[in-house]
Amino acid sequence: MTDATTTPMTVRFGRLPRRGLLLGLSSSRILCLCVAALVFVPAIFLGSSTGAGLTAPLWGGLIALAFVRWHGRPAVESLPTAGHYAVRKLNGQTKFRARPSAPRPGGTLALPGDAAALRFLIDEESGAAMLHDPHAHTLTAVALVRHPAYVLLSSDEQARRVHGWGRALASLAASGTGCRLQVLEVSLPDAGRGITGWWEVNGVKKPGQWAVQQYESLMKTAAPAASTHRTVLALSLDLRSARAHIKQAGRGLRGAAAFLRQEMTSLEAGLRAADLSLATWLNESELAATLREAFEPGHDTGEAGTQKLASAGPVAMDEEWDHVRHDTAYSAVLWISEWPRVGAPPYFLHSLVFQPGIRKTLSVTIQPIPADAAMRDIRKAKVEYATEAAQKAKIGAIADLSDSAERDDVLERERALISGHADVKFTGLISVTAPSRDELEASVAEISRAAIQCGCETRRLYGQQARAFVSASLPLARKVS
C-alpha cells in the first residue's frame with residue numbers, strides 16, 4: 001500500500017550575521033577600547049592608582065560605550081544615529097509643512113525628507129506612473145496584485161506556488177539589471193459593513209431558521225474584527241546597472257521607461273507562474289491615492305480619479321525619537337531583525353498580517369543578487385569566519401555555537417546557489433498607525449507579541465522614524481540599509 005500523505009513544506013532563515021573586525025567586535029567598539037587603553041595605561045604608569053582613579057570616568061565611559069547596550073545595540077553603534085537625529089532636530093529638519101503658496105516644479109512629489117527629490121513621469125504605452133529618483137538613479141513602477149487565500153490550499157499547491165515565486169526572483173537575479181522588489185501588505189481595520197451590508201441586501205431570511213440565526217451570530221462576533229487587505233508590488237530598476245540595456249532601448253528616461261516595461265512584462269509572467277494575478281500597473285491617480293492614504297488614514301480612495309501625484313504628500317509631518325506624526329495619525333516603524341530560525345510553514349506571518357483591529361503595513365524589500373556577486377559574498381564570509389576562528393583559537397577563546405550556526409547558514413546559501421536558486425537580500429519593516437499616541441503604543445505592543453508568535457524578533461527604529469516610515473509605508477522600493 002502506498003502512503004499518499006505528503007510532508008508539509010517548511011522554511012527556515014539564517015541568523016542575522018554579526019561578524020566583526022576582531023573577535024566579533026565592530027570597528028567602532030574596537031576603537032573605543034583602544035582609546036580607553038591609551039588613556040588607562042599612561043595614567044597607571046605615571047600616576048599609579050591615583051592617576052587611574054582620576055581618569056576612570058574617561059576610560060570607564062569608553063568601555064561602557066563599547067559593551068553597554070542601548071535599544072538592543074552597543075551604545076557606541078547607536079551614537080551616530082542619535083547624533084544625526086540631534087543635528088536634524090536643532091536645524092528644524094524633523095518637521096515638514098506643505099506650502100501651497102510656493103508651487104513646486106512640475107513633475108515632482110511633495111514628499112518629506114530625502115524623498116522630496118522624487119519625480120514622476122507617465123508612460124504613454126502602458127499608462128503606468130513611474131517614479132524617478134535622480135539621487136539613487138532608479139525608476140520604479142507600482143502594481144496592484146490579487147491572490148487567493150494561500151492558507152486554505154493543499155500542501156502540494158502551496159509548495160508549487162512558493163516554487164513559482166522563487167523562480168520569479170531567480171529570473172530577476174539572472175537578468176543582472178539590479179531590479180529591486182518591494183511587497184507591501186496593507187491591512188486596514190474594517191467594521192464589517194461590507195459583509196453585513198451584503199447580507200442585508202441579498203440574504204434570504206426566514207424567521208426562526210437555524211442557519212440564519214447562526215450566520216447572524218457569526219457576523220456579530222467576527223465583523224468588528226474584520227480587516228481589508230491590499231497587496232501592492234513595486235518594481236525598481238537600477239539605471240546604472242541597466243545602462244547598456246537602456247542605451248539599446250533609446251537612451252535617457254525614455255529608454256529607461258521602455259526597458260522597465262520589458263521587466264514589468266517579465267515579472268508579470270513570473271507572477272502568473274505563482275498564481276498571482278497582477279490586476280493593474282497603477283496610473284497617476286491610483287498611485288496618488290495610495291500615497292495619500294498612507295499619510296491620511298481614512299482618505300477616500302473612491303476619489304482616486306481626481307488625485308494628482310503633485311499633491312499626494314502630507315500636509316504636515318513631525319518626526320520624534322520613537323514615532324512620527326503625520327496629518328491625522330501617529331505611526332511607528334519596527335524592523336524585523338530576526339526571522340524564524342526553525343522550520344516554519346510558508347504562511348508563518350499569518351498571525352501578524354491578520355492581527356485584527358490594527359492599521360499596519362508590512363513591507364518586504366527584496367534585492368536579488370546575481371550569481372557571481374553572491375558567490376563572491378559567500379567566499380568572503382567563509383574567509384571571515386575562518387579568520388575569526390583562528391584568532392579565537394590563538395588566544396584560547398572558547399568558540400560559540402552561534403558562530404558555527406552562522407557558518408552553517410553560509411554553507412547552506414552556497415548549496416542553494418549551486419542548485420540554481422537565487423540569492424537575495426531582504427529587509428522587513430512594519431509600519432503601525434493609530435489615531436492617538438496611546439493607541440499607537442498599545443498597537444505596537446500587540447504587533448510585537450504577534451511577531452514573536454510568528455518566530456520573528458522586532459526592533460523599533462529609534463532616531464530614524466521619518467525615513468523608515470517612507471520606506472515602509474510607501475511603494476517606492478527604496479534601498480533600505
# chains A, B, ... in the order shown; residues from 1 in each chain; ligands from 1

$ residues_around --residues "Ala258 of chain A" --least-positions-apart "3" --cutoff "9 Å" --atoms "only C-alpha atoms" --output "PyMOL selection string"
chain A and resi 123+125+246+249-250+253-255+261-262

$ residues_around --residues "Cys32 of chain A" --least-positions-apart "4" --cutoff "12 Å" --atoms "only C-alpha atoms" --output "MDAnalysis selection string"
chainID A and resid 25:28 36:39 58:67 74:77

$ residues_around --residues "Glu296 of chain A" --least-positions-apart "6" --cutoff "9 Å" --atoms "only C-alpha atoms" --output "PyMOL selection string"
chain A and resi 314+326-329

$ write_last_selection --atoms "N, CA and C atoms" --output "mmCIF file, in the first residue's frame"
data_model
loop_
_atom_site.group_PDB
_atom_site.id
_atom_site.type_symbol
_atom_site.label_atom_id
_atom_site.label_comp_id
_atom_site.auth_asym_id
_atom_site.auth_seq_id
_atom_site.Cartn_x
_atom_site.Cartn_y
_atom_site.Cartn_z
ATOM 1 N N PRO A 314 2.049 64.610 2.445
ATOM 2 C CA PRO A 314 1.347 65.043 3.658
ATOM 3 C C PRO A 314 1.240 66.561 3.740
ATOM 4 N N HIS A 326 1.825 62.417 11.380
ATOM 5 C CA HIS A 326 1.549 62.902 10.027
ATOM 6 C C HIS A 326 0.051 63.140 9.882
ATOM 7 N N ASP A 327 -0.279 64.319 9.459
ATOM 8 C CA ASP A 327 -1.675 64.701 9.230
ATOM 9 C C ASP A 327 -2.549 64.318 10.417
ATOM 10 N N THR A 328 -3.370 63.285 10.298
ATOM 11 C CA THR A 328 -4.352 62.955 11.339
ATOM 12 C C THR A 328 -3.984 61.719 12.138
ATOM 13 N N ALA A 329 -2.751 61.253 12.090
ATOM 14 C CA ALA A 329 -2.424 59.988 12.748
ATOM 15 C C ALA A 329 -0.988 60.002 13.263
#

$ select_by_dssp --residues "segment 46-81 of chain A" --states "strand (DSSP E)" --output "ChimeraX atom specification"
/A:69-70,73-74

$ write_last_selection --atoms "N, CA, C and O atoms" --output "mmCIF file, in the first residue's frame"
data_model
loop_
_atom_site.group_PDB
_atom_site.id
_atom_site.type_symbol
_atom_site.label_atom_id
_atom_site.label_comp_id
_atom_site.auth_asym_id
_atom_site.auth_seq_id
_atom_site.Cartn_x
_atom_site.Cartn_y
_atom_site.Cartn_z
ATOM 1 N N ARG A 69 24.556 48.014 26.150
ATOM 2 C CA ARG A 69 23.625 48.020 25.026
ATOM 3 C C ARG A 69 22.521 49.044 25.278
ATOM 4 O O ARG A 69 22.005 49.170 26.387
ATOM 5 N N TRP A 70 22.170 49.739 24.211
ATOM 6 C CA TRP A 70 21.133 50.769 24.252
ATOM 7 C C TRP A 70 20.187 50.518 23.087
ATOM 8 O O TRP A 70 20.602 50.542 21.931
ATOM 9 N N ARG A 73 21.384 47.619 20.827
ATOM 10 C CA ARG A 73 22.663 47.729 20.144
ATOM 11 C C ARG A 73 23.700 48.288 21.098
ATOM 12 O O ARG A 73 23.350 48.978 22.068
ATOM 13 N N PRO A 74 25.000 48.005 20.858
ATOM 14 C CA PRO A 74 26.027 48.667 21.677
ATOM 15 C C PRO A 74 25.888 50.179 21.575
ATOM 16 O O PRO A 74 25.600 50.734 20.508
#

$ atom_distance --atom1 "atom CA of Leu139 of chain A" --atom2 "atom CA of Gly106 of chain A"
17.5 Å

$ decode --residues "segment 115-146 of chain A" --atoms "N, CA, C and O atoms" --output "PDB file, in the first residue's frame"
ATOM      1  N   ALA A 115      12.997  61.957   0.209  1.00  0.00           N
ATOM      2  CA  ALA A 115      12.067  61.550  -0.845  1.00  0.00           C
ATOM      3  C   ALA A 115      11.540  62.734  -1.632  1.00  0.00           C
ATOM      4  O   ALA A 115      10.844  62.548  -2.635  1.00  0.00           O
ATOM      5  N   ALA A 116      11.862  63.956  -1.204  1.00  0.00           N
ATOM      6  CA  ALA A 116      11.398  65.143  -1.918  1.00  0.00           C
ATOM      7  C   ALA A 116      12.016  65.257  -3.300  1.00  0.00           C
ATOM      8  O   ALA A 116      11.505  65.977  -4.161  1.00  0.00           O
ATOM      9  N   ALA A 117      13.113  64.541  -3.529  1.00  0.00           N
ATOM     10  CA  ALA A 117      13.773  64.613  -4.836  1.00  0.00           C
ATOM     11  C   ALA A 117      13.083  63.752  -5.886  1.00  0.00           C
ATOM     12  O   ALA A 117      13.443  63.831  -7.062  1.00  0.00           O
ATOM     13  N   LEU A 118      12.120  62.947  -5.495  1.00  0.00           N
ATOM     14  CA  LEU A 118      11.463  62.047  -6.453  1.00  0.00           C
ATOM     15  C   LEU A 118      10.694  62.833  -7.500  1.00  0.00           C
ATOM     16  O   LEU A 118      10.048  63.845  -7.200  1.00  0.00           O
ATOM     17  N   ARG A 119      10.745  62.334  -8.719  1.00  0.00           N
ATOM     18  CA  ARG A 119       9.984  62.901  -9.827  1.00  0.00           C
ATOM     19  C   ARG A 119       9.139  61.797 -10.442  1.00  0.00           C
ATOM     20  O   ARG A 119       9.444  60.611 -10.274  1.00  0.00           O
ATOM     21  N   PHE A 120       8.097  62.169 -11.132  1.00  0.00           N
ATOM     22  CA  PHE A 120       7.247  61.155 -11.756  1.00  0.00           C
ATOM     23  C   PHE A 120       7.081  61.469 -13.236  1.00  0.00           C
ATOM     24  O   PHE A 120       7.174  62.616 -13.680  1.00  0.00           O
ATOM     25  N   LEU A 121       6.855  60.411 -13.985  1.00  0.00           N
ATOM     26  CA  LEU A 121       6.547  60.530 -15.406  1.00  0.00           C
ATOM     27  C   LEU A 121       5.508  59.481 -15.747  1.00  0.00           C
ATOM     28  O   LEU A 121       5.421  58.425 -15.098  1.00  0.00           O
ATOM     29  N   ILE A 122       4.698  59.764 -16.731  1.00  0.00           N
ATOM     30  CA  ILE A 122       3.626  58.867 -17.140  1.00  0.00           C
ATOM     31  C   ILE A 122       4.058  58.166 -18.430  1.00  0.00           C
ATOM     32  O   ILE A 122       4.355  58.820 -19.432  1.00  0.00           O
ATOM     33  N   ASP A 123       4.118  56.829 -18.369  1.00  0.00           N
ATOM     34  CA  ASP A 123       4.485  56.060 -19.551  1.00  0.00           C
ATOM     35  C   ASP A 123       3.314  56.046 -20.532  1.00  0.00           C
ATOM     36  O   ASP A 123       2.202  55.641 -20.182  1.00  0.00           O
ATOM     37  N   GLU A 124       3.559  56.493 -21.731  1.00  0.00           N
ATOM     38  CA  GLU A 124       2.473  56.637 -22.703  1.00  0.00           C
ATOM     39  C   GLU A 124       1.920  55.295 -23.150  1.00  0.00           C
ATOM     40  O   GLU A 124       0.708  55.160 -23.381  1.00  0.00           O
ATOM     41  N   GLU A 125       2.766  54.270 -23.269  1.00  0.00           N
ATOM     42  CA  GLU A 125       2.299  52.987 -23.787  1.00  0.00           C
ATOM     43  C   GLU A 125       1.495  52.200 -22.763  1.00  0.00           C
ATOM     44  O   GLU A 125       0.433  51.665 -23.064  1.00  0.00           O
ATOM     45  N   SER A 126       2.008  52.105 -21.534  1.00  0.00           N
ATOM     46  CA  SER A 126       1.322  51.311 -20.505  1.00  0.00           C
ATOM     47  C   SER A 126       0.360  52.133 -19.663  1.00  0.00           C
ATOM     48  O   SER A 126      -0.516  51.577 -18.999  1.00  0.00           O
ATOM     49  N   GLY A 127       0.521  53.468 -19.655  1.00  0.00           N
ATOM     50  CA  GLY A 127      -0.303  54.317 -18.811  1.00  0.00           C
ATOM     51  C   GLY A 127       0.110  54.322 -17.357  1.00  0.00           C
ATOM     52  O   GLY A 127      -0.543  54.957 -16.526  1.00  0.00           O
ATOM     53  N   ALA A 128       1.194  53.594 -17.013  1.00  0.00           N
ATOM     54  CA  ALA A 128       1.636  53.494 -15.624  1.00  0.00           C
ATOM     55  C   ALA A 128       2.394  54.751 -15.220  1.00  0.00           C
ATOM     56  O   ALA A 128       3.094  55.375 -16.021  1.00  0.00           O
ATOM     57  N   ALA A 129       2.258  55.106 -13.953  1.00  0.00           N
ATOM     58  CA  ALA A 129       3.025  56.213 -13.382  1.00  0.00           C
ATOM     59  C   ALA A 129       4.352  55.659 -12.874  1.00  0.00           C
ATOM     60  O   ALA A 129       4.377  54.709 -12.090  1.00  0.00           O
ATOM     61  N   MET A 130       5.465  56.221 -13.329  1.00  0.00           N
ATOM     62  CA  MET A 130       6.792  55.774 -12.934  1.00  0.00           C
ATOM     63  C   MET A 130       7.460  56.855 -12.106  1.00  0.00           C
ATOM     64  O   MET A 130       7.353  58.042 -12.412  1.00  0.00           O
ATOM     65  N   LEU A 131       8.140  56.427 -11.048  1.00  0.00           N
ATOM     66  CA  LEU A 131       8.803  57.343 -10.122  1.00  0.00           C
ATOM     67  C   LEU A 131      10.299  57.286 -10.350  1.00  0.00           C
ATOM     68  O   LEU A 131      10.905  56.206 -10.302  1.00  0.00           O
ATOM     69  N   HIS A 132      10.895  58.445 -10.588  1.00  0.00           N
ATOM     70  CA  HIS A 132      12.331  58.536 -10.866  1.00  0.00           C
ATOM     71  C   HIS A 132      13.025  59.187  -9.682  1.00  0.00           C
ATOM     72  O   HIS A 132      12.635  60.273  -9.244  1.00  0.00           O
ATOM     73  N   ASP A 133      14.039  58.502  -9.166  1.00  0.00           N
ATOM     74  CA  ASP A 133      14.862  59.044  -8.082  1.00  0.00           C
ATOM     75  C   ASP A 133      16.205  59.448  -8.674  1.00  0.00           C
ATOM     76  O   ASP A 133      17.060  58.591  -8.964  1.00  0.00           O
ATOM     77  N   PRO A 134      16.454  60.760  -8.889  1.00  0.00           N
ATOM     78  CA  PRO A 134      17.706  61.174  -9.524  1.00  0.00           C
ATOM     79  C   PRO A 134      18.933  60.963  -8.646  1.00  0.00           C
ATOM     80  O   PRO A 134      20.054  60.901  -9.155  1.00  0.00           O
ATOM     81  N   HIS A 135      18.753  60.844  -7.328  1.00  0.00           N
ATOM     82  CA  HIS A 135      19.891  60.627  -6.442  1.00  0.00           C
ATOM     83  C   HIS A 135      20.294  59.154  -6.399  1.00  0.00           C
ATOM     84  O   HIS A 135      21.481  58.829  -6.463  1.00  0.00           O
ATOM     85  N   ALA A 136      19.310  58.267  -6.265  1.00  0.00           N
ATOM     86  CA  ALA A 136      19.598  56.832  -6.226  1.00  0.00           C
ATOM     87  C   ALA A 136      19.671  56.212  -7.615  1.00  0.00           C
ATOM     88  O   ALA A 136      20.017  55.033  -7.747  1.00  0.00           O
ATOM     89  N   HIS A 137      19.310  56.980  -8.663  1.00  0.00           N
ATOM     90  CA  HIS A 137      19.338  56.509 -10.051  1.00  0.00           C
ATOM     91  C   HIS A 137      18.458  55.270 -10.228  1.00  0.00           C
ATOM     92  O   HIS A 137      18.912  54.208 -10.659  1.00  0.00           O
ATOM     93  N   THR A 138      17.193  55.409  -9.863  1.00  0.00           N
ATOM     94  CA  THR A 138      16.235  54.318 -10.005  1.00  0.00           C
ATOM     95  C   THR A 138      14.977  54.818 -10.703  1.00  0.00           C
ATOM     96  O   THR A 138      14.669  56.021 -10.686  1.00  0.00           O
ATOM     97  N   LEU A 139      14.266  53.888 -11.307  1.00  0.00           N
ATOM     98  CA  LEU A 139      12.970  54.154 -11.926  1.00  0.00           C
ATOM     99  C   LEU A 139      12.029  53.052 -11.460  1.00  0.00           C
ATOM    100  O   LEU A 139      12.339  51.865 -11.596  1.00  0.00           O
ATOM    101  N   THR A 140      10.884  53.436 -10.901  1.00  0.00           N
ATOM    102  CA  THR A 140      10.013  52.494 -10.203  1.00  0.00           C
ATOM    103  C   THR A 140       8.604  52.534 -10.757  1.00  0.00           C
ATOM    104  O   THR A 140       8.074  53.614 -11.046  1.00  0.00           O
ATOM    105  N   ALA A 141       8.016  51.343 -10.901  1.00  0.00           N
ATOM    106  CA  ALA A 141       6.603  51.205 -11.271  1.00  0.00           C
ATOM    107  C   ALA A 141       5.908  50.384 -10.186  1.00  0.00           C
ATOM    108  O   ALA A 141       6.523  49.513  -9.554  1.00  0.00           O
ATOM    109  N   VAL A 142       4.630  50.648  -9.972  1.00  0.00           N
ATOM    110  CA  VAL A 142       3.873  50.036  -8.876  1.00  0.00           C
ATOM    111  C   VAL A 142       2.666  49.301  -9.451  1.00  0.00           C
ATOM    112  O   VAL A 142       1.989  49.817 -10.351  1.00  0.00           O
ATOM    113  N   ALA A 143       2.409  48.099  -8.925  1.00  0.00           N
ATOM    114  CA  ALA A 143       1.308  47.271  -9.413  1.00  0.00           C
ATOM    115  C   ALA A 143       0.435  46.819  -8.248  1.00  0.00           C
ATOM    116  O   ALA A 143       0.906  46.668  -7.111  1.00  0.00           O
ATOM    117  N   LEU A 144      -0.829  46.608  -8.527  1.00  0.00           N
ATOM    118  CA  LEU A 144      -1.767  46.027  -7.572  1.00  0.00           C
ATOM    119  C   LEU A 144      -1.884  44.541  -7.875  1.00  0.00           C
ATOM    120  O   LEU A 144      -2.136  44.145  -9.017  1.00  0.00           O
ATOM    121  N   VAL A 145      -1.675  43.708  -6.854  1.00  0.00           N
ATOM    122  CA  VAL A 145      -1.646  42.256  -7.025  1.00  0.00           C
ATOM    123  C   VAL A 145      -2.788  41.635  -6.241  1.00  0.00           C
ATOM    124  O   VAL A 145      -3.062  42.018  -5.096  1.00  0.00           O
ATOM    125  N   ARG A 146      -3.448  40.678  -6.858  1.00  0.00           N
ATOM    126  CA  ARG A 146      -4.515  39.919  -6.189  1.00  0.00           C
ATOM    127  C   ARG A 146      -4.094  38.466  -6.102  1.00  0.00           C
ATOM    128  O   ARG A 146      -3.426  37.935  -7.000  1.00  0.00           O
TER     129      ARG A 146
END
